[in-house]
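Data block for start_34.cif (mmCIF, C-alpha atoms):
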```cif
data_input
loop_
_atom_site.group_PDB
_atom_site.id
_atom_site.type_symbol
_atom_site.label_atom_id
_atom_site.label_comp_id
_atom_site.auth_asym_id
_atom_site.auth_seq_id
_atom_site.Cartn_x
_atom_site.Cartn_y
_atom_site.Cartn_z
ATOM 1 C CA MET S 268 -5.717 -11.472 -16.197
ATOM 2 C CA LEU S 269 -4.960 -9.209 -19.184
ATOM 3 C CA GLU S 270 -8.387 -7.632 -18.817
ATOM 4 C CA SER S 271 -7.726 -6.906 -15.117
ATOM 5 C CA LEU S 272 -4.353 -5.344 -15.946
ATOM 6 C CA ARG S 273 -5.979 -3.237 -18.659
ATOM 7 C CA LYS S 274 -8.597 -2.021 -16.158
ATOM 8 C CA LEU S 275 -5.891 -1.272 -13.567
ATOM 9 C CA ARG S 276 -3.957 0.797 -16.097
ATOM 10 C CA GLY S 277 -7.161 2.631 -16.990
ATOM 11 C CA TYR S 278 -7.906 3.503 -13.365
ATOM 12 C CA LEU S 279 -4.325 4.647 -12.735
ATOM 13 C CA LYS S 280 -4.444 6.780 -15.888
ATOM 14 C CA ILE S 281 -7.707 8.457 -14.874
ATOM 15 C CA SER S 282 -6.313 9.143 -11.391
ATOM 16 C CA GLY S 283 -3.051 10.565 -12.715
ATOM 17 C CA VAL S 284 -0.908 8.657 -10.189
ATOM 18 C CA ALA S 285 2.183 8.277 -12.385
ATOM 19 C CA SER S 286 4.081 11.336 -11.165
ATOM 20 C CA ILE S 287 3.193 10.932 -7.500
ATOM 21 C CA SER S 288 4.130 7.234 -7.632
ATOM 22 C CA ARG S 289 7.533 8.096 -9.081
ATOM 23 C CA ARG S 290 8.073 10.728 -6.432
ATOM 24 C CA TYR S 291 7.127 8.392 -3.559
ATOM 25 C CA PHE S 292 9.166 5.537 -5.019
ATOM 26 C CA VAL S 293 12.407 7.547 -5.187
ATOM 27 C CA LEU S 294 11.850 9.433 -1.938
ATOM 28 C CA ASN S 295 11.045 6.368 0.114
ATOM 29 C CA SER S 296 13.690 4.143 -1.454
ATOM 30 C CA PHE S 297 16.185 6.882 -0.633
ATOM 31 C CA ASP S 298 14.927 6.974 2.963
ATOM 32 C CA GLY S 299 15.215 3.225 3.294
ATOM 33 C CA ALA S 300 18.746 3.060 1.916
ATOM 34 C CA ILE S 301 20.065 6.004 3.966
ATOM 35 C CA THR S 302 18.484 4.646 7.170
ATOM 36 C CA ILE S 303 20.367 1.375 6.837
ATOM 37 C CA LEU S 304 23.527 3.270 5.876
ATOM 38 C CA GLY S 305 23.237 5.142 9.156
ATOM 39 C CA VAL S 306 22.762 1.903 11.127
ATOM 40 C CA VAL S 307 25.733 0.158 9.485
ATOM 41 C CA VAL S 308 28.182 3.051 9.493
ATOM 42 C CA GLY S 309 27.192 4.152 12.994
ATOM 43 C CA ALA S 310 27.703 0.620 14.335
ATOM 44 C CA TYR S 311 31.048 0.270 12.524
ATOM 45 C CA SER S 312 32.478 3.591 13.715
ATOM 46 C CA SER S 313 31.443 2.906 17.312
ATOM 47 C CA GLY S 314 33.465 -0.293 17.105
ATOM 48 C CA ALA S 315 30.520 -2.560 17.894
ATOM 49 C CA VAL S 316 29.481 -4.311 14.708
ATOM 50 C CA ASP S 317 27.481 -7.411 15.550
ATOM 51 C CA SER S 318 25.620 -8.894 12.621
ATOM 52 C CA ARG S 319 22.693 -9.940 14.814
ATOM 53 C CA ILE S 320 22.296 -6.393 16.102
ATOM 54 C CA VAL S 321 22.593 -4.872 12.616
ATOM 55 C CA ILE S 322 20.063 -7.373 11.242
ATOM 56 C CA GLY S 323 17.677 -6.819 14.162
ATOM 57 C CA ALA S 324 17.905 -3.040 14.021
ATOM 58 C CA GLY S 325 17.841 -3.019 10.239
ATOM 59 C CA LEU S 326 14.821 -5.285 9.864
ATOM 60 C CA GLY S 327 13.034 -3.452 12.652
ATOM 61 C CA ALA S 328 13.597 -0.161 10.855
ATOM 62 C CA THR S 329 12.553 -1.753 7.536
ATOM 63 C CA VAL S 330 9.228 -2.973 8.914
ATOM 64 C CA ALA S 331 8.599 0.336 10.658
ATOM 65 C CA MET S 332 9.267 2.287 7.473
ATOM 66 C CA GLY S 333 7.050 -0.005 5.430
ATOM 67 C CA THR S 334 4.176 0.175 7.895
ATOM 68 C CA SER S 335 4.355 3.913 8.374
ATOM 69 C CA GLY S 336 4.808 4.467 4.632
ATOM 70 C CA PHE S 337 1.766 2.387 3.731
ATOM 71 C CA SER S 338 -0.589 3.688 6.387
ATOM 72 C CA GLY S 339 0.505 7.320 6.156
ATOM 73 C CA ALA S 340 0.226 7.379 2.376
ATOM 74 C CA TYR S 341 -3.115 5.542 2.440
ATOM 75 C CA LEU S 342 -4.738 8.032 4.787
ATOM 76 C CA THR S 343 -3.252 11.086 3.075
ATOM 77 C CA GLU S 344 -4.015 9.915 -0.446
ATOM 78 C CA ARG S 345 -7.542 8.865 0.517
ATOM 79 C CA ALA S 346 -8.249 12.365 1.846
ATOM 80 C CA GLU S 347 -6.881 14.057 -1.284
ATOM 81 C CA ARG S 348 -8.710 11.706 -3.661
ATOM 82 C CA ARG S 349 -11.997 12.139 -1.842
ATOM 83 C CA ARG S 350 -11.542 15.890 -2.135
ATOM 84 C CA ARG S 351 -11.042 15.518 -5.887
ATOM 85 C CA LEU S 352 -14.093 13.241 -6.185
ATOM 86 C CA HIS S 353 -16.156 15.790 -4.319
ATOM 87 C CA SER S 354 -15.083 18.540 -6.738
ATOM 88 C CA ILE S 355 -16.097 16.353 -9.711
ATOM 89 C CA LYS S 356 -19.465 15.708 -8.037
ATOM 90 C CA LYS S 357 -19.924 19.433 -7.582
ATOM 91 C CA ALA S 358 -19.047 20.176 -11.224
ATOM 92 C CA MET S 359 -21.283 17.382 -12.549
ATOM 93 C CA LEU S 360 -24.150 18.057 -10.089
ATOM 94 C CA ALA S 361 -24.382 14.277 -9.798
ATOM 95 C CA ASP S 362 -23.050 11.483 -7.585
ATOM 96 C CA VAL S 363 -20.073 9.981 -9.443
ATOM 97 C CA SER S 364 -18.889 7.750 -6.592
ATOM 98 C CA LYS S 365 -20.301 4.618 -8.261
ATOM 99 C CA SER S 366 -18.749 5.515 -11.622
ATOM 100 C CA VAL S 367 -15.238 4.885 -12.905
ATOM 101 C CA HIS S 368 -14.087 7.912 -10.861
ATOM 102 C CA GLY S 369 -15.110 6.286 -7.579
ATOM 103 C CA ARG S 370 -13.383 3.019 -8.507
ATOM 104 C CA ALA S 371 -10.289 4.846 -9.763
ATOM 105 C CA MET S 372 -10.102 6.753 -6.476
ATOM 106 C CA LYS S 373 -9.974 3.519 -4.443
ATOM 107 C CA VAL S 374 -7.435 1.862 -6.752
ATOM 108 C CA ALA S 375 -5.179 4.935 -6.843
ATOM 109 C CA THR S 376 -5.210 5.258 -3.045
ATOM 110 C CA LEU S 377 -4.166 1.637 -2.590
ATOM 111 C CA TRP S 378 -1.563 1.831 -5.353
ATOM 112 C CA VAL S 379 0.160 4.897 -3.902
ATOM 113 C CA ALA S 380 0.108 3.381 -0.399
ATOM 114 C CA LEU S 381 1.725 0.167 -1.703
ATOM 115 C CA VAL S 382 4.456 2.112 -3.508
ATOM 116 C CA ASP S 383 5.060 4.151 -0.370
ATOM 117 C CA GLY S 384 5.241 1.068 1.835
ATOM 118 C CA ILE S 385 7.170 -1.352 -0.355
ATOM 119 C CA SER S 386 9.846 0.939 -1.808
ATOM 120 C CA PRO S 387 11.685 1.748 1.474
ATOM 121 C CA MET S 388 11.485 -1.907 2.507
ATOM 122 C CA LEU S 389 13.103 -3.109 -0.715
ATOM 123 C CA ALA S 390 15.868 -0.507 -0.528
ATOM 124 C CA ALA S 391 16.525 -1.362 3.143
ATOM 125 C CA VAL S 392 16.504 -5.157 2.904
ATOM 126 C CA VAL S 393 19.195 -5.513 0.204
ATOM 127 C CA PRO S 394 22.031 -3.912 2.268
ATOM 128 C CA ILE S 395 21.220 -6.218 5.216
ATOM 129 C CA ILE S 396 21.828 -9.382 3.179
ATOM 130 C CA PRO S 397 25.672 -9.324 3.648
ATOM 131 C CA PHE S 398 25.142 -9.585 7.426
ATOM 132 C CA PHE S 399 23.079 -12.743 6.920
ATOM 133 C CA LEU S 400 26.008 -14.078 4.900
ATOM 134 C CA ASN S 401 28.301 -13.200 7.806
ATOM 135 C CA LEU S 402 26.046 -15.053 10.253
ATOM 136 C CA ALA S 403 26.100 -18.053 7.939
ATOM 137 C CA GLY S 404 29.906 -17.913 7.957
ATOM 138 C CA PHE S 405 30.432 -17.053 4.293
ATOM 139 C CA ILE S 406 32.102 -13.683 4.826
ATOM 140 C CA SER S 407 33.736 -11.719 7.635
ATOM 141 C CA VAL S 408 31.900 -8.928 9.426
ATOM 142 C CA ASP S 409 34.237 -6.308 7.935
ATOM 143 C CA LYS S 410 33.431 -7.534 4.433
ATOM 144 C CA ALA S 411 29.739 -7.525 5.322
ATOM 145 C CA VAL S 412 30.006 -3.844 6.289
ATOM 146 C CA TRP S 413 31.730 -2.913 3.038
ATOM 147 C CA TYR S 414 29.443 -4.980 0.838
ATOM 148 C CA SER S 415 26.505 -3.381 2.570
ATOM 149 C CA ILE S 416 27.845 0.128 1.983
ATOM 150 C CA VAL S 417 28.645 -0.657 -1.655
ATOM 151 C CA SER S 418 25.142 -2.040 -2.203
ATOM 152 C CA ILE S 419 23.644 1.124 -0.710
ATOM 153 C CA MET S 420 25.746 3.285 -3.016
ATOM 154 C CA CYS S 421 24.612 1.171 -5.975
ATOM 155 C CA ILE S 422 20.976 1.625 -4.942
ATOM 156 C CA LEU S 423 21.482 5.392 -4.624
ATOM 157 C CA PHE S 424 23.217 5.510 -8.007
ATOM 158 C CA LEU S 425 20.366 3.601 -9.665
ATOM 159 C CA LEU S 426 17.826 5.933 -8.082
ATOM 160 C CA GLY S 427 19.826 8.854 -9.461
ATOM 161 C CA VAL S 428 19.876 7.273 -12.912
ATOM 162 C CA PHE S 429 16.103 6.834 -12.706
ATOM 163 C CA LEU S 430 15.698 10.503 -11.759
ATOM 164 C CA GLY S 431 17.992 11.525 -14.593
ATOM 165 C CA ARG S 432 15.889 9.513 -17.024
ATOM 166 C CA ILE S 433 12.687 11.156 -15.824
ATOM 167 C CA SER S 434 14.095 14.686 -15.932
ATOM 168 C CA LYS S 435 15.930 14.013 -19.237
ATOM 169 C CA GLU S 436 19.263 15.142 -17.863
ATOM 170 C CA SER S 437 22.549 13.237 -17.634
ATOM 171 C CA MET S 438 21.853 9.954 -15.871
ATOM 172 C CA LEU S 439 25.482 9.579 -14.792
ATOM 173 C CA ARG S 440 25.535 13.053 -13.256
ATOM 174 C CA SER S 441 22.238 12.425 -11.490
ATOM 175 C CA GLY S 442 23.500 9.092 -10.170
ATOM 176 C CA GLY S 443 26.729 10.738 -9.043
ATOM 177 C CA ARG S 444 24.758 13.382 -7.155
ATOM 178 C CA MET S 445 22.916 10.707 -5.196
ATOM 179 C CA ILE S 446 26.203 9.012 -4.292
ATOM 180 C CA VAL S 447 27.590 12.329 -3.013
ATOM 181 C CA VAL S 448 24.519 12.703 -0.786
ATOM 182 C CA GLY S 449 24.948 9.124 0.412
ATOM 183 C CA MET S 450 28.592 9.709 1.250
ATOM 184 C CA ALA S 451 27.711 12.866 3.190
ATOM 185 C CA ALA S 452 25.160 10.876 5.205
ATOM 186 C CA ALA S 453 27.742 8.131 5.792
ATOM 187 C CA LEU S 454 30.281 10.682 7.027
ATOM 188 C CA LEU S 455 27.808 12.210 9.476
ATOM 189 C CA SER S 456 26.818 8.764 10.772
ATOM 190 C CA TRP S 457 30.462 7.820 11.146
ATOM 191 C CA LEU S 458 31.201 10.987 13.145
ATOM 192 C CA ILE S 459 28.240 10.409 15.450
ATOM 193 C CA GLY S 460 29.222 6.789 16.000
ATOM 194 C CA TRP S 461 32.826 7.772 16.650
ATOM 195 C CA LEU S 462 31.826 10.351 19.267
ATOM 196 C CA MET G 240 -50.704 -10.916 -40.033
ATOM 197 C CA THR G 241 -47.251 -10.173 -38.613
ATOM 198 C CA GLY G 242 -46.375 -8.259 -35.412
ATOM 199 C CA HIS G 243 -43.824 -5.428 -35.409
ATOM 200 C CA ASP G 244 -41.107 -4.589 -32.818
ATOM 201 C CA PRO G 245 -39.834 -1.029 -32.793
ATOM 202 C CA GLN G 246 -36.032 -0.740 -33.008
ATOM 203 C CA VAL G 247 -33.986 2.317 -32.186
ATOM 204 C CA LYS G 248 -31.769 3.052 -35.207
ATOM 205 C CA ARG G 249 -30.346 6.426 -34.265
ATOM 206 C CA LEU G 250 -29.854 8.309 -31.032
ATOM 207 C CA VAL G 251 -28.426 11.775 -30.450
ATOM 208 C CA LEU G 252 -27.651 12.736 -26.848
ATOM 209 C CA ASP G 253 -26.410 15.817 -25.079
ATOM 210 C CA VAL G 254 -23.987 14.667 -22.384
ATOM 211 C CA LEU G 255 -22.040 16.459 -19.658
ATOM 212 C CA LYS G 256 -18.793 14.700 -18.692
ATOM 213 C CA PRO G 257 -15.669 15.323 -16.613
ATOM 214 C CA HIS G 258 -12.421 15.746 -18.606
ATOM 215 C CA ASP G 259 -11.299 12.246 -17.698
ATOM 216 C CA PRO G 260 -11.735 9.712 -19.184
ATOM 217 C CA PRO G 261 -11.308 11.362 -22.611
ATOM 218 C CA MET G 262 -13.985 11.441 -25.361
ATOM 219 C CA TYR G 263 -12.459 8.647 -27.413
ATOM 220 C CA GLU G 264 -12.731 6.260 -24.453
ATOM 221 C CA LEU G 265 -16.413 7.073 -24.081
ATOM 222 C CA ALA G 266 -16.899 6.578 -27.819
ATOM 223 C CA THR G 267 -15.096 3.212 -27.718
ATOM 224 C CA LYS G 268 -17.147 2.050 -24.747
ATOM 225 C CA LEU G 269 -20.415 2.993 -26.486
ATOM 226 C CA ALA G 270 -19.322 1.298 -29.710
ATOM 227 C CA LEU G 271 -18.986 -1.962 -27.751
ATOM 228 C CA CYS G 272 -22.639 -1.854 -26.675
ATOM 229 C CA HIS G 273 -25.018 -4.343 -28.247
ATOM 230 C CA GLY G 274 -26.747 -3.084 -31.387
ATOM 231 C CA VAL G 275 -24.423 -0.104 -31.901
ATOM 232 C CA ASP G 276 -22.667 0.260 -35.269
ATOM 233 C CA ASP G 277 -21.311 3.819 -35.317
ATOM 234 C CA VAL G 278 -20.584 6.395 -32.650
ATOM 235 C CA ASN G 279 -19.743 10.038 -33.237
ATOM 236 C CA VAL G 280 -18.782 12.303 -30.327
ATOM 237 C CA THR G 281 -18.407 16.052 -30.861
ATOM 238 C CA LEU G 282 -17.200 18.571 -28.314
ATOM 239 C CA ALA G 283 -19.751 21.351 -27.830
ATOM 240 C CA GLU G 284 -18.467 23.280 -24.806
ATOM 241 C CA ILE G 285 -15.625 23.060 -22.328
ATOM 242 C CA ASP G 286 -14.904 24.606 -18.946
ATOM 243 C CA GLN G 287 -12.412 24.064 -16.146
ATOM 244 C CA ASP G 288 -13.912 20.827 -14.819
ATOM 245 C CA THR G 289 -16.345 19.522 -17.435
ATOM 246 C CA GLU G 290 -17.102 19.296 -21.141
ATOM 247 C CA SER G 291 -20.428 19.099 -22.996
ATOM 248 C CA VAL G 292 -20.447 16.647 -25.874
ATOM 249 C CA LYS G 293 -22.965 15.683 -28.547
ATOM 250 C CA ILE G 294 -23.078 11.918 -29.092
ATOM 251 C CA SER G 295 -24.624 10.438 -32.246
ATOM 252 C CA ILE G 296 -25.168 6.696 -32.228
ATOM 253 C CA ASP G 297 -26.279 4.661 -35.247
ATOM 254 C CA GLY G 298 -27.094 0.985 -35.077
ATOM 255 C CA THR G 299 -29.534 -1.806 -35.715
ATOM 256 C CA ASP G 300 -31.166 -2.184 -32.295
ATOM 257 C CA ILE G 301 -29.809 0.331 -29.804
ATOM 258 C CA ASP G 302 -30.701 -0.266 -26.145
ATOM 259 C CA ILE G 303 -31.240 3.174 -24.616
ATOM 260 C CA GLU G 304 -30.825 1.981 -21.013
ATOM 261 C CA THR G 305 -27.496 0.293 -21.828
ATOM 262 C CA VAL G 306 -26.301 3.504 -23.480
ATOM 263 C CA ARG G 307 -27.398 5.540 -20.442
ATOM 264 C CA LYS G 308 -25.592 3.163 -18.030
ATOM 265 C CA CYS G 309 -22.469 3.283 -20.207
ATOM 266 C CA VAL G 310 -22.475 7.081 -20.071
ATOM 267 C CA GLU G 311 -23.091 7.172 -16.305
ATOM 268 C CA ASP G 312 -20.380 4.590 -15.656
ATOM 269 C CA ILE G 313 -17.694 7.006 -16.810
ATOM 270 C CA GLY G 314 -19.067 9.646 -14.474
ATOM 271 C CA ALA G 315 -20.976 11.540 -17.180
ATOM 272 C CA SER G 316 -24.668 12.410 -17.238
ATOM 273 C CA VAL G 317 -27.226 12.520 -20.039
ATOM 274 C CA HIS G 318 -28.709 16.002 -20.218
ATOM 275 C CA SER G 319 -31.156 15.363 -23.031
ATOM 276 C CA PHE G 320 -32.079 13.131 -25.964
ATOM 277 C CA ASP G 321 -31.983 15.468 -28.953
ATOM 278 C CA GLU G 322 -32.885 13.005 -31.689
ATOM 279 C CA VAL G 323 -34.275 9.483 -31.842
ATOM 280 C CA LYS G 324 -34.994 7.394 -34.927
ATOM 281 C CA VAL G 325 -37.069 4.267 -34.491
ATOM 282 C CA ALA G 326 -38.006 1.719 -37.172
ATOM 283 C CA ARG G 327 -40.397 -1.221 -37.114
ATOM 284 C CA ARG G 328 -39.353 -4.723 -38.014
ATOM 285 C CA PRO G 329 -41.655 -7.675 -38.452
ATOM 286 C CA HIS G 330 -41.697 -10.671 -36.052
ATOM 287 C CA PRO G 331 -40.400 -13.888 -37.646
ATOM 288 C CA LYS G 332 -43.338 -16.396 -38.062
#
```
Starting from the coordinates I provided, produce the structure as structure tokens.
Amino acid sequence: MLESLRKLRGYLKISGVASISRRYFVLNSFDGAITILGVVVGAYSSGAVDSRIVIGAGLGATVAMGTSGFSGAYLTERAERRRRLHSIKKAMLADVSKSVHGRAMKVATLWVALVDGISPMLAAVVPIIPFFLNLAGFISVDKAVWYSIVSIMCILFLLGVFLGRISKESMLRSGGRMIVVGMAAALLSWLIGWL
Amino acid sequence: MTGHDPQVKRLVLDVLKPHDPPMYELATKLALCHGVDDVNVTLAEIDQDTESVKISIDGTDIDIETVRKCVEDIGASVHSFDEVKVARRPHPK
């Protein structure tokens, strides 16, 4: 197990996937959270919040984002990695596809696709949980809406903190920025639902 | 009368490798090969995509094919064998 993890780390290091993984993780988590924010706020402002509908629409969007994220990233990353492998082959005047570079290419492609697919799903599923609680009778639908919105803001804040940590700037300011963006998206969704 | 098996004691290779994985990883991998005691890797030339390195291997019974496979596994290629030292050891009776 440890040996496999060590090999995985080695392949990811050779491929240089760290920065692109971080980028995809934040970008797609942001997409997932904002999508559900739009569903919840839009439904609330139109006066038609039904937990079943929010759950159905939310989970449908979650699965769609995960599927498109995985497959889109897989195909794109595969093309880019093959291009890089080809340039190494050209420089080495030898076939390196059976070497560590070939293996690293396959591992990196799958890794990036998994990050791209799983991150929006995770960020989208958490805000839907309050509506399950409403269906189970634990909380009212109004509370479910607010808990959902609060959880989305928390997710956005944490993503901002993560970005702040990476860029070595104020984590609080970075988190605050993400919340401002989230609130702007919520306002737009509310207006559209109200119209 | 005893028989004698030749053993490779020292090998110096000229290798062309991509920048990744780095030299120390190649050196570590070679040091793990059977019969290898010491590995020394020196950078000779470098360009945008590749680097030429001189690898000196000292050991008790170096397997040249294992060393070649080790080098090729990291995507490098052996350009030439610049030095080889072989000794004879007697068969046990």
task: Check what the PyMOL selection byres ((chain G) within 6 of (chain S)) selects in the file above and give those residues as a ChimeraX atom specification.
output: /G:259,312-314
message: Given the point (-23.0, 3.2, -26.9) in the file's coordinates, find the residues that have an atom at most 8 Å from it, counting all atoms listed in the file, and give them as a VMD selection string.
response: chain G and resid 266 to 273 275 278 296 301 305 to 306 309 to 310
- prompt: To one decimal place, how far is CA of Thr334 in chain S from CA of Ile396 in chain S in Å?
  reply: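 The value is 20.6 Å.
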- prompt: Could you spell out the hits of the PyMOL selection byres ((chain S and resi 331) around 12) on the shown file, as a ChimeraX atom specification?
  reply: /S:298-299,302,324-330,332-339,384-385,387-388,391
Atom pair CA of Ser271 in chain S / CA of Lys373 in chain S: separation (Å): 15.1 Å
- request: May I ask for the distance between CA of Ser291 in chain G and CA of Arg307 in chain G, given in Å to one decimal place?
  value: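 Computed distance, CA of Ser291 in chain G to CA of Arg307 in chain G, equals 15.5 Å.
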message: Within 12 Å of (28.2, 6.9, 10.1) (file coordinates; all atoms listed in the file), which protein or nucleic acid residues are there? I'd like them as an MDAnalysis selection string.
response: chainID S and resid 301:314 412 416 449:462
